[in-house]
Amino acid sequence: MSSTAHDIDTKRSRVVTAIAIGNFIEWFEFGLYGYFAVSISTTFFSGAAEGTALISTFMLFGIAFVSRPIGAILFGRYGDRAGRRGALSISIIGMSIATALIGVIPGDKTFGLLAPALLLVMRLAQGFFAGAEMGGAVTALAEYAPPGRRGFYSGWNGFTQLVAQVFAALIGTLLSSVLTPAALDGWGWRIPFLLALPLGLVGLYMRTKLAESPEFTSAGQAGQTTRSPLGDVLRLHGRALLKVCGLTVGLTTTTYMLVGFFPSYLVKTAGLTSRQMFTAMLIGLTVAAVLVPIWARLSDAYGRKPFLVGGALAVTVLTIPVFHLAGSGGFTPALTASVIVAVLLSPMLAVQGIAAAELFPTAVRYTGVSIGISVVISLMGGSTPLILHALVRATGSSIVPAVYITTAAALSLIAALTLKNKAGQATTPNRTENTAAAPTSP
């Protein structure tokens with residue numbers, strides 16, 4: 001390999017690392033909030049009954065998703081007009097600071113009602129910056145990648161989501177093993193939240209050192225930009241936006257079911273101990289993490305559509321049997337079910353990002369991808385665990401959540417079937433399958 005080729009590969013590896021850190025922080029925090037929900041509830045709602053405190057804690061978790069579309073719109077506009085690098089630099093440090101501050105907010109015994117109010121503010125800030133991070137990461141990975149390897153590069157976004165969940169589970173297991181319950185509830189849960197700040201600073205440093213996206217630079221030099229990315233997305237790329245929303249529905253509900261609902265399902269319905277549950281989840285998530293880069297790389301050869309259709313179809317058909325298996329009792333069936341769910345999720349997680357990015361031209365890609373993903377996550381992300389718990393409570397059936405997931409996956413299957421397969425084709429930066437060239441600025 002020539003020194004020039006080696007330098008290019010090194011720069012691209014740095015791009016992947018710099019972008020992956022921000023995605024890791026977002027999903028690491030999500031895992032932490034779920035795993036330490038009980039500790040957080042005793043810190044900020046100590047005067048409430050245990051059930052009420054936990055519900056209040058998850059309500060704050062869900063409320064944060066309200067601010068995601070706002071961040072997606074504002075940062076999408078900034079990223080499409082001023083560049084990807086600047087938007088991603090702001091989003092990673094904003095998200096890191098908000099996450100770290102959660103770890104230092106005093107409890108309600110010290111701050112009274114101000115404590116949960118500050119927690120709410122930080123959660124809203126996290127949602128705001130996460131709305132910028134997800135779409136920006138997807139866009140940047142697609143645009144920095146070399147032709148013919150866009151799927152593989154973009155797949156690292158899904159890979160880091162799973163690695164973050166595994167890391168959060170490992171930390172939760174470690175802290176719960178070495179600390180007493182009182183110490184864990186008192187101060188131990190704060191430690192992993194504080195880790196977000198040094199990680200964010202490293203990510204910020206790496207992102208500020210990146211060159212601007214080559215596709216964005218080329219579009220700017222050719223005058224193929226727009227003054228109103230949001231207006232152009234809604235006016236010219238409505239079909240693409242709907243497709244992104246459709247593709248995201250099944251992926252979002254399955255993901256948040258797996259990491260937000262399934263752990264408690266395994267304990268309450270399958271009768272697993274906490275340690276057995278953590279083991280089952282860790283193995284399942286690890287298997288999925290191994291598969292994601294494989295599916296992503298294969299999508300460069302065979303296109304995105306087969307993996308999106310296959311993944312959505314598999315979730316649609318197999319979710320109900322998997323819930324029956326998990327609920328039958330015992331560690332082995334629960335472990336098998338956890339692995340199956342993770343495997344079913346992996347192809348959609350691997351290629352959904354690049355499929356979304358390829359639906360929009362460069363001029364509006366950051367905005368289109370961010371809004372399409374963030375709107376669905378806002379509506380169905382944080383609410384999915386609550387909805388599934390409510391369905392079980394209202395019906396008394398442990399299989400009803402599977403019906404909800406199956407319906408969402410069927411919607412994604414319909415969206416995936418409308419895609420054109422692009423196997424072996426390089427992305428055309430300033431065109432989409434829905435429209436002609438992107439509008440130019442006046």
# chains A, B, ... in the order shown; residues from 1 in each chain; ligands from 1
>>> residues_around(residues="range 136-143 of chain A", least_positions_apart="3", cutoff="8 Å", atoms="only C-alpha atoms", output="number ranges by chain")
A: 15-16, 19-20, 23, 76, 79, 84, 87-88, 132-133, 150-151, 153-154, 157, 213-216, 353-354, 357, 365-366, 369-370
>>> atom_distance(atom1="CA of Leu241 in chain A", atom2="CA of Arg123 in chain A")
26.5 Å
>>> select_by_dssp(residues="range 44-79 of chain A", states="alpha helix (DSSP H)", output="list in words")
Phe44, Glu50, Gly51, Thr52, Ala53, Leu54, Ile55, Ser56, Thr57, Phe58, Met59, Leu60, Phe61, Gly62, Ile63, Arg68, Pro69, Ile70, Gly71, Ala72, Ile73, Leu74, Phe75, Gly76, Arg77, Tyr78 and Gly79 of chain A
>>> residues_around(residues="range 333-348 of chain A", least_positions_apart="2", cutoff="7 Å", atoms="only C-alpha atoms", output="VMD selection string")
chain A and resid 251 254 266 270 280 to 281 283 to 285 287 to 288 291 to 292 295 307 to 308 311 314 to 315 322 325 to 326 329 to 331 350 to 352
>>> closest_residue(among="A:Ile320, A:Ser378, A:Gly188, A:Val163", to="Val290 in chain A", atoms="only C-alpha atoms")
A:Val163
>>> atom_distance(atom1="CA of Ser56 in chain A", atom2="CA of Glu29 in chain A")
17.9 Å
>>> atom_distance(atom1="CA of Ile373 in chain A", atom2="CA of Ile387 in chain A")
19.7 Å
>>> closest_residue(among="A:Ala98, A:Leu120, A:Ala145, A:Ala125", to="Arg14 in chain A", atoms="only C-alpha atoms")
A:Ala145
>>> residues_around(residues="Ser228 in chain A", least_positions_apart="3", cutoff="8 Å", atoms="only C-alpha atoms", output="list in words")
Arg77, Gly231 and Asp232 of chain A
>>> write_last_selection(atoms="N, CA, C and O atoms", output="mmCIF file, in the first residue's frame")
data_model
loop_
_atom_site.group_PDB
_atom_site.id
_atom_site.type_symbol
_atom_site.label_atom_id
_atom_site.label_comp_id
_atom_site.auth_asym_id
_atom_site.auth_seq_id
_atom_site.Cartn_x
_atom_site.Cartn_y
_atom_site.Cartn_z
ATOM 1 N N ARG A 77 -30.286 22.465 9.922
ATOM 2 C CA ARG A 77 -30.110 23.699 9.144
ATOM 3 C C ARG A 77 -28.659 24.164 9.195
ATOM 4 O O ARG A 77 -28.060 24.502 8.172
ATOM 5 N N GLY A 231 -37.377 23.773 4.518
ATOM 6 C CA GLY A 231 -38.409 24.035 3.519
ATOM 7 C C GLY A 231 -38.253 23.149 2.297
ATOM 8 O O GLY A 231 -39.241 22.633 1.759
ATOM 9 N N ASP A 232 -37.011 22.946 1.852
ATOM 10 C CA ASP A 232 -36.776 22.112 0.678
ATOM 11 C C ASP A 232 -37.077 20.642 0.960
ATOM 12 O O ASP A 232 -37.581 19.929 0.088
#
>>> closest_residue(among="A:Gln221, A:Thr43, A:Ser328, A:Asn421", to="Trp187 in chain A", atoms="only C-alpha atoms")
A:Thr43
>>> residues_around(residues="range 404-414 of chain A", least_positions_apart="2", cutoff="6 Å", atoms="only C-alpha atoms", output="compact mmCIF listing (two decimals) with C-alpha atoms, in the first residue's frame")
# COMPACT_ATOMS: atom_id res chain seq x y z
CA GLY A 246 -41.17 4.28 7.93
CA LEU A 247 -37.78 2.58 8.07
CA VAL A 249 -40.43 2.86 13.13
CA GLY A 250 -39.59 -0.83 13.27
CA VAL A 309 -36.67 -6.11 3.97
CA ALA A 312 -38.28 -6.15 9.06
CA THR A 316 -42.74 -9.21 11.87
CA PRO A 401 -46.09 -6.28 23.51
CA ALA A 402 -45.04 -8.64 20.72
CA ALA A 416 -38.34 -1.04 2.79
CA LEU A 417 -40.20 -2.57 -0.14
>>> closest_residue(among="A:Ser13, A:Thr362, A:Ser67, A:Ser397", to="Ser218 in chain A", atoms="only C-alpha atoms")
A:Thr362
>>> closest_residue(among="A:Gly62, A:Pro192, A:Pro116, A:Gly368", to="Leu234 in chain A", atoms="only C-alpha atoms")
A:Gly368
>>> decode(residues="range 218-234 of chain A", atoms="all heavy atoms", output="PDB file, in the first residue's frame")
ATOM      1  N   SER A 218     -17.723  19.754  -2.002  1.00  0.00           N
ATOM      2  CA  SER A 218     -17.962  19.757  -3.448  1.00  0.00           C
ATOM      3  C   SER A 218     -19.284  20.424  -3.797  1.00  0.00           C
ATOM      4  O   SER A 218     -19.381  21.185  -4.762  1.00  0.00           O
ATOM      5  CB  SER A 218     -17.949  18.318  -3.984  1.00  0.00           C
ATOM      6  OG  SER A 218     -16.686  17.723  -3.793  1.00  0.00           O
ATOM      7  N   ALA A 219     -20.312  20.141  -2.990  1.00  0.00           N
ATOM      8  CA  ALA A 219     -21.612  20.755  -3.243  1.00  0.00           C
ATOM      9  C   ALA A 219     -21.548  22.265  -3.099  1.00  0.00           C
ATOM     10  O   ALA A 219     -22.146  23.008  -3.886  1.00  0.00           O
ATOM     11  CB  ALA A 219     -22.660  20.176  -2.290  1.00  0.00           C
ATOM     12  N   GLY A 220     -20.804  22.721  -2.076  1.00  0.00           N
ATOM     13  CA  GLY A 220     -20.662  24.161  -1.879  1.00  0.00           C
ATOM     14  C   GLY A 220     -19.926  24.824  -3.020  1.00  0.00           C
ATOM     15  O   GLY A 220     -20.323  25.909  -3.494  1.00  0.00           O
ATOM     16  N   GLN A 221     -18.869  24.202  -3.495  1.00  0.00           N
ATOM     17  CA  GLN A 221     -18.094  24.763  -4.594  1.00  0.00           C
ATOM     18  C   GLN A 221     -18.899  24.800  -5.895  1.00  0.00           C
ATOM     19  O   GLN A 221     -18.699  25.673  -6.730  1.00  0.00           O
ATOM     20  CB  GLN A 221     -16.820  23.943  -4.788  1.00  0.00           C
ATOM     21  CG  GLN A 221     -15.831  24.081  -3.642  1.00  0.00           C
ATOM     22  CD  GLN A 221     -14.659  23.124  -3.764  1.00  0.00           C
ATOM     23  OE1 GLN A 221     -14.683  22.173  -4.551  1.00  0.00           O
ATOM     24  NE2 GLN A 221     -13.612  23.363  -2.972  1.00  0.00           N
ATOM     25  N   ALA A 222     -19.822  23.842  -6.038  1.00  0.00           N
ATOM     26  CA  ALA A 222     -20.648  23.796  -7.247  1.00  0.00           C
ATOM     27  C   ALA A 222     -21.912  24.636  -7.126  1.00  0.00           C
ATOM     28  O   ALA A 222     -22.712  24.695  -8.058  1.00  0.00           O
ATOM     29  CB  ALA A 222     -21.032  22.340  -7.551  1.00  0.00           C
ATOM     30  N   GLY A 223     -22.093  25.299  -5.977  1.00  0.00           N
ATOM     31  CA  GLY A 223     -23.275  26.114  -5.773  1.00  0.00           C
ATOM     32  C   GLY A 223     -24.528  25.312  -5.527  1.00  0.00           C
ATOM     33  O   GLY A 223     -25.646  25.827  -5.661  1.00  0.00           O
ATOM     34  N   GLN A 224     -24.377  24.033  -5.162  1.00  0.00           N
ATOM     35  CA  GLN A 224     -25.540  23.162  -4.950  1.00  0.00           C
ATOM     36  C   GLN A 224     -25.884  23.109  -3.468  1.00  0.00           C
ATOM     37  O   GLN A 224     -25.816  22.073  -2.813  1.00  0.00           O
ATOM     38  CB  GLN A 224     -25.242  21.765  -5.497  1.00  0.00           C
ATOM     39  CG  GLN A 224     -25.098  21.767  -7.009  1.00  0.00           C
ATOM     40  CD  GLN A 224     -24.562  20.456  -7.539  1.00  0.00           C
ATOM     41  OE1 GLN A 224     -23.729  19.821  -6.909  1.00  0.00           O
ATOM     42  NE2 GLN A 224     -25.028  20.050  -8.708  1.00  0.00           N
ATOM     43  N   THR A 225     -26.228  24.259  -2.937  1.00  0.00           N
ATOM     44  CA  THR A 225     -26.648  24.382  -1.547  1.00  0.00           C
ATOM     45  C   THR A 225     -27.997  25.093  -1.515  1.00  0.00           C
ATOM     46  O   THR A 225     -28.505  25.515  -2.551  1.00  0.00           O
ATOM     47  CB  THR A 225     -25.616  25.183  -0.732  1.00  0.00           C
ATOM     48  OG1 THR A 225     -25.448  26.482  -1.330  1.00  0.00           O
ATOM     49  CG2 THR A 225     -24.270  24.468  -0.690  1.00  0.00           C
ATOM     50  N   THR A 226     -28.554  25.219  -0.346  1.00  0.00           N
ATOM     51  CA  THR A 226     -29.863  25.874  -0.223  1.00  0.00           C
ATOM     52  C   THR A 226     -29.906  26.718   1.042  1.00  0.00           C
ATOM     53  O   THR A 226     -29.254  26.402   2.038  1.00  0.00           O
ATOM     54  CB  THR A 226     -30.987  24.823  -0.172  1.00  0.00           C
ATOM     55  OG1 THR A 226     -32.237  25.489   0.052  1.00  0.00           O
ATOM     56  CG2 THR A 226     -30.763  23.806   0.935  1.00  0.00           C
ATOM     57  N   ARG A 227     -30.669  27.789   0.975  1.00  0.00           N
ATOM     58  CA  ARG A 227     -30.824  28.656   2.142  1.00  0.00           C
ATOM     59  C   ARG A 227     -31.872  28.120   3.112  1.00  0.00           C
ATOM     60  O   ARG A 227     -31.927  28.539   4.261  1.00  0.00           O
ATOM     61  CB  ARG A 227     -31.216  30.068   1.695  1.00  0.00           C
ATOM     62  CG  ARG A 227     -30.146  30.802   0.913  1.00  0.00           C
ATOM     63  CD  ARG A 227     -30.563  32.227   0.599  1.00  0.00           C
ATOM     64  NE  ARG A 227     -29.564  32.931  -0.174  1.00  0.00           N
ATOM     65  CZ  ARG A 227     -28.509  33.545   0.348  1.00  0.00           C
ATOM     66  NH1 ARG A 227     -28.327  33.537   1.647  1.00  0.00           N
ATOM     67  NH2 ARG A 227     -27.642  34.169  -0.440  1.00  0.00           N
ATOM     68  N   SER A 228     -32.713  27.235   2.651  1.00  0.00           N
ATOM     69  CA  SER A 228     -33.801  26.743   3.488  1.00  0.00           C
ATOM     70  C   SER A 228     -33.874  25.213   3.417  1.00  0.00           C
ATOM     71  O   SER A 228     -34.723  24.655   2.707  1.00  0.00           O
ATOM     72  CB  SER A 228     -35.137  27.351   3.033  1.00  0.00           C
ATOM     73  OG  SER A 228     -36.207  26.855   3.813  1.00  0.00           O
ATOM     74  N   PRO A 229     -32.993  24.516   4.125  1.00  0.00           N
ATOM     75  CA  PRO A 229     -32.986  23.048   4.070  1.00  0.00           C
ATOM     76  C   PRO A 229     -34.314  22.433   4.503  1.00  0.00           C
ATOM     77  O   PRO A 229     -34.809  21.513   3.855  1.00  0.00           O
ATOM     78  CB  PRO A 229     -31.857  22.666   5.033  1.00  0.00           C
ATOM     79  CG  PRO A 229     -30.974  23.872   5.085  1.00  0.00           C
ATOM     80  CD  PRO A 229     -31.883  25.042   4.955  1.00  0.00           C
ATOM     81  N   LEU A 230     -34.896  22.944   5.595  1.00  0.00           N
ATOM     82  CA  LEU A 230     -36.153  22.380   6.078  1.00  0.00           C
ATOM     83  C   LEU A 230     -37.266  22.570   5.058  1.00  0.00           C
ATOM     84  O   LEU A 230     -38.022  21.636   4.753  1.00  0.00           O
ATOM     85  CB  LEU A 230     -36.551  23.026   7.405  1.00  0.00           C
ATOM     86  CG  LEU A 230     -37.907  22.589   7.983  1.00  0.00           C
ATOM     87  CD1 LEU A 230     -37.927  21.086   8.236  1.00  0.00           C
ATOM     88  CD2 LEU A 230     -38.209  23.360   9.270  1.00  0.00           C
ATOM     89  N   GLY A 231     -37.377  23.773   4.518  1.00  0.00           N
ATOM     90  CA  GLY A 231     -38.409  24.035   3.519  1.00  0.00           C
ATOM     91  C   GLY A 231     -38.253  23.149   2.297  1.00  0.00           C
ATOM     92  O   GLY A 231     -39.241  22.633   1.759  1.00  0.00           O
ATOM     93  N   ASP A 232     -37.011  22.946   1.852  1.00  0.00           N
ATOM     94  CA  ASP A 232     -36.776  22.112   0.678  1.00  0.00           C
ATOM     95  C   ASP A 232     -37.077  20.642   0.960  1.00  0.00           C
ATOM     96  O   ASP A 232     -37.581  19.929   0.088  1.00  0.00           O
ATOM     97  CB  ASP A 232     -35.335  22.273   0.205  1.00  0.00           C
ATOM     98  CG  ASP A 232     -35.088  23.627  -0.438  1.00  0.00           C
ATOM     99  OD1 ASP A 232     -36.075  24.265  -0.853  1.00  0.00           O
ATOM    100  OD2 ASP A 232     -33.928  24.050  -0.516  1.00  0.00           O
ATOM    101  N   VAL A 233     -36.751  20.184   2.178  1.00  0.00           N
ATOM    102  CA  VAL A 233     -37.068  18.801   2.536  1.00  0.00           C
ATOM    103  C   VAL A 233     -38.574  18.576   2.481  1.00  0.00           C
ATOM    104  O   VAL A 233     -39.058  17.598   1.899  1.00  0.00           O
ATOM    105  CB  VAL A 233     -36.523  18.451   3.939  1.00  0.00           C
ATOM    106  CG1 VAL A 233     -37.139  17.152   4.459  1.00  0.00           C
ATOM    107  CG2 VAL A 233     -35.010  18.314   3.901  1.00  0.00           C
ATOM    108  N   LEU A 234     -39.337  19.480   3.082  1.00  0.00           N
ATOM    109  CA  LEU A 234     -40.786  19.325   3.124  1.00  0.00           C
ATOM    110  C   LEU A 234     -41.427  19.511   1.746  1.00  0.00           C
ATOM    111  O   LEU A 234     -42.399  18.832   1.410  1.00  0.00           O
ATOM    112  CB  LEU A 234     -41.385  20.333   4.108  1.00  0.00           C
ATOM    113  CG  LEU A 234     -40.954  20.169   5.576  1.00  0.00           C
ATOM    114  CD1 LEU A 234     -41.560  21.267   6.430  1.00  0.00           C
ATOM    115  CD2 LEU A 234     -41.342  18.800   6.112  1.00  0.00           C
TER     116      LEU A 234
END
